[in-house]
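Enquirer: Here it is: the structure, laid out below.
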Amino acid sequence: MADTLLGPAEIRELAARLGVAPTKKLGQNFLHDPNTIRRIVGVAGLRPDDVALEVGPGLGSLTLGLVGAVRHVHAVEIDPTLAAALPETVTAAHLTVHPADALKITGDRFDPAPTMLVANLPYNVAVPVVLHLLAELPTLRGGLVMVQKEVADRLVAGPGSKVYGVPSVKLAWYAEAKSAGKVPPAVFWPVPNVDSGLVAFTRREPPADTERRKVFAVVDAAFAQRRKTLRAALAGWAGGADRAEQVLRSAGVSPQARGESLTVGEFAAIAAAANSSPPGGKLSPSDAEPKELNS
Ligand code: SAM
């Protein structure tokens with residue numbers, strides 16, 4: 001890790017020199033606490049041969065920590081002033097700055113290919129950024145991201161939890177996620193009015209070879225009306241409540257269940273059943289009763 005990490009005085013001085021007034025629109029809350037940087041880099045589980053991808057390096061607080069821990073850092077920053085200034089703050093030769101929107105970035109621009117996502121994410125786009133990058137960069141083996149605490153709780157929630165929802169299931173498609181702790185508002189400038197949380201994730205094989213897009217369509221439909229039974233919630237997606245019931249039974253899922261109780265494997269089974277049982281087709285007797293699914 002670099003000897004000199006940025007504290008409150010350096011952050012203010014850098015921002016003043018660059019004429020940066022942090023904006024809410026871009027989720028600009030900059031870390032000014034070297035201990036938090038050391039903590040993030042420590043719990044990220046980085047290996048010296050990793051290639052880190054940082055989204056939103058801002059003034060460079062975390063970037064300075066990352067360049068000392070891995071063989072290459074890619075930093076993707078949407079704000080042109082911050083992107084242009086980063087190489088002056090972080091003078092490492094193994095840093096590549098990408099002045100770009102992380103939501104639109106494609107995997108082909110990174111050389112070497114990123115293996116770990118480590119970022120204090122812009123809070124308003126944190127979930128879409130993580131999901132986009134996991135889809136776009138199969139070389140990512142995992143990551144550690146800081147997000148709003150409430151979003152962190154949602155990302156790591158499992159079936160049955162009140163906060164289990166679309167972000168939880170979609171992240172579970174790609175990775176196993178767990179909470180890596182809470183971060184107080186005081187370590188940021190400007191001070192946000194919410195706590196932050198760290199989420200650590202490790203990529204794993206998708207739970208089924210069903211097309212991801214089709215599985216995610218079921219997830220979106222199920223949680224769009226999360227209080228309804230799946231029979232009702234999936235009626236629009238399936239082309240009618242009877243068809244939804246047929247598909248659910250064929251997938252081994254109770255039509256009376258709600259999306260909040262299903263694992264990502266069960267969502268995948270529903271998408272697969274819709275693919276393989278034609279609308280109006282007869283179910284085989286063995287498919288007629290709901291059964292327990294693994295995963
Ligand atoms: N990493 C820095 C730190 O910890 O001090 C800054 C983190 S700040 C929460 C988020 C950063 O993401 C800002 O620098 C902001 O300009 C940048 N940002 C916002 N939206 C972005 C996007 N779509 N793509 C890339 N960077 C983005």
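All residue names refer to the structure tokens as shown: chains lettered A, B, ... in order, residues numbered from 1 in each chain, ligands numbered from 1 in order.
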Show me a table, sorted first by chain and then by increasing residue number, of the residues of chain A having an atom at most 7 Å from ligand 1, each with its shortest atom pair and the distance in Å to one decimal, counting only C-alpha atoms and all ligand atoms and written as a Markdown table.

Expert:
```
| residue | atom | partner | partner_atom_place_in_ligand_line | distance |
| --- | --- | --- | --- | --- |
| A:Leu26 | CA | ligand 1 | 19 (C) | 4.1 |
| A:Gly27 | CA | ligand 1 | 10 (C) | 5.2 |
| A:Gln28 | CA | ligand 1 | 8 (S) | 4.1 |
| A:Asn29 | CA | ligand 1 | 9 (C) | 4.5 |
| A:Phe30 | CA | ligand 1 | 5 (O) | 3.2 |
| A:Leu31 | CA | ligand 1 | 5 (O) | 3.8 |
| A:His32 | CA | ligand 1 | 5 (O) | 6.8 |
| A:Val55 | CA | ligand 1 | 25 (C) | 5.4 |
| A:Gly56 | CA | ligand 1 | 12 (O) | 3.1 |
| A:Pro57 | CA | ligand 1 | 1 (N) | 3.8 |
| A:Gly58 | CA | ligand 1 | 14 (O) | 3.2 |
| A:Leu59 | CA | ligand 1 | 5 (O) | 6.0 |
| A:Gly60 | CA | ligand 1 | 2 (C) | 6.0 |
| A:Ser61 | CA | ligand 1 | 5 (O) | 5.0 |
| A:Leu62 | CA | ligand 1 | 4 (O) | 5.4 |
| A:Val76 | CA | ligand 1 | 25 (C) | 5.3 |
| A:Glu77 | CA | ligand 1 | 26 (N) | 3.9 |
| A:Ile78 | CA | ligand 1 | 26 (N) | 4.2 |
| A:Asp79 | CA | ligand 1 | 16 (O) | 4.8 |
| A:Leu82 | CA | ligand 1 | 14 (O) | 6.8 |
| A:Ala100 | CA | ligand 1 | 25 (C) | 6.0 |
| A:Asp101 | CA | ligand 1 | 24 (N) | 3.7 |
| A:Ala102 | CA | ligand 1 | 24 (N) | 3.8 |
| A:Leu103 | CA | ligand 1 | 23 (N) | 5.4 |
| A:Ala119 | CA | ligand 1 | 1 (N) | 6.1 |
| A:Asn120 | CA | ligand 1 | 4 (O) | 4.8 |
| A:Leu121 | CA | ligand 1 | 9 (C) | 5.0 |
| A:Pro122 | CA | ligand 1 | 10 (C) | 4.0 |
| A:Tyr123 | CA | ligand 1 | 9 (C) | 6.5 |
| A:Val125 | CA | ligand 1 | 23 (N) | 6.7 |
```

Enquirer: Please provide the set of residues having any atom within 12 Å of Arg47 of chain A, restricted to only C-alpha atoms, with same-chain residues fewer than 6 positions apart removed, written as a PyMOL selection string.

Expert: chain A and resi 41+66-72+115-116+141-143

Enquirer: If DSSP is run on the backbone, what residues of segment 32-128 of chain A are helix (DSSP H, G or I)? A reply as number ranges by chain would be ideal.

Expert: A: 34-43, 61-67, 80-89, 107-109, 123-128

Enquirer: List the neighbours of Leu5 of chain A out to 8 Å using only C-alpha atoms; skip same-chain residues closer than 6 positions along the sequence, and give me the result as a list in words.

Expert: Pro34, Ser61, Leu64 and Gly65 of chain A
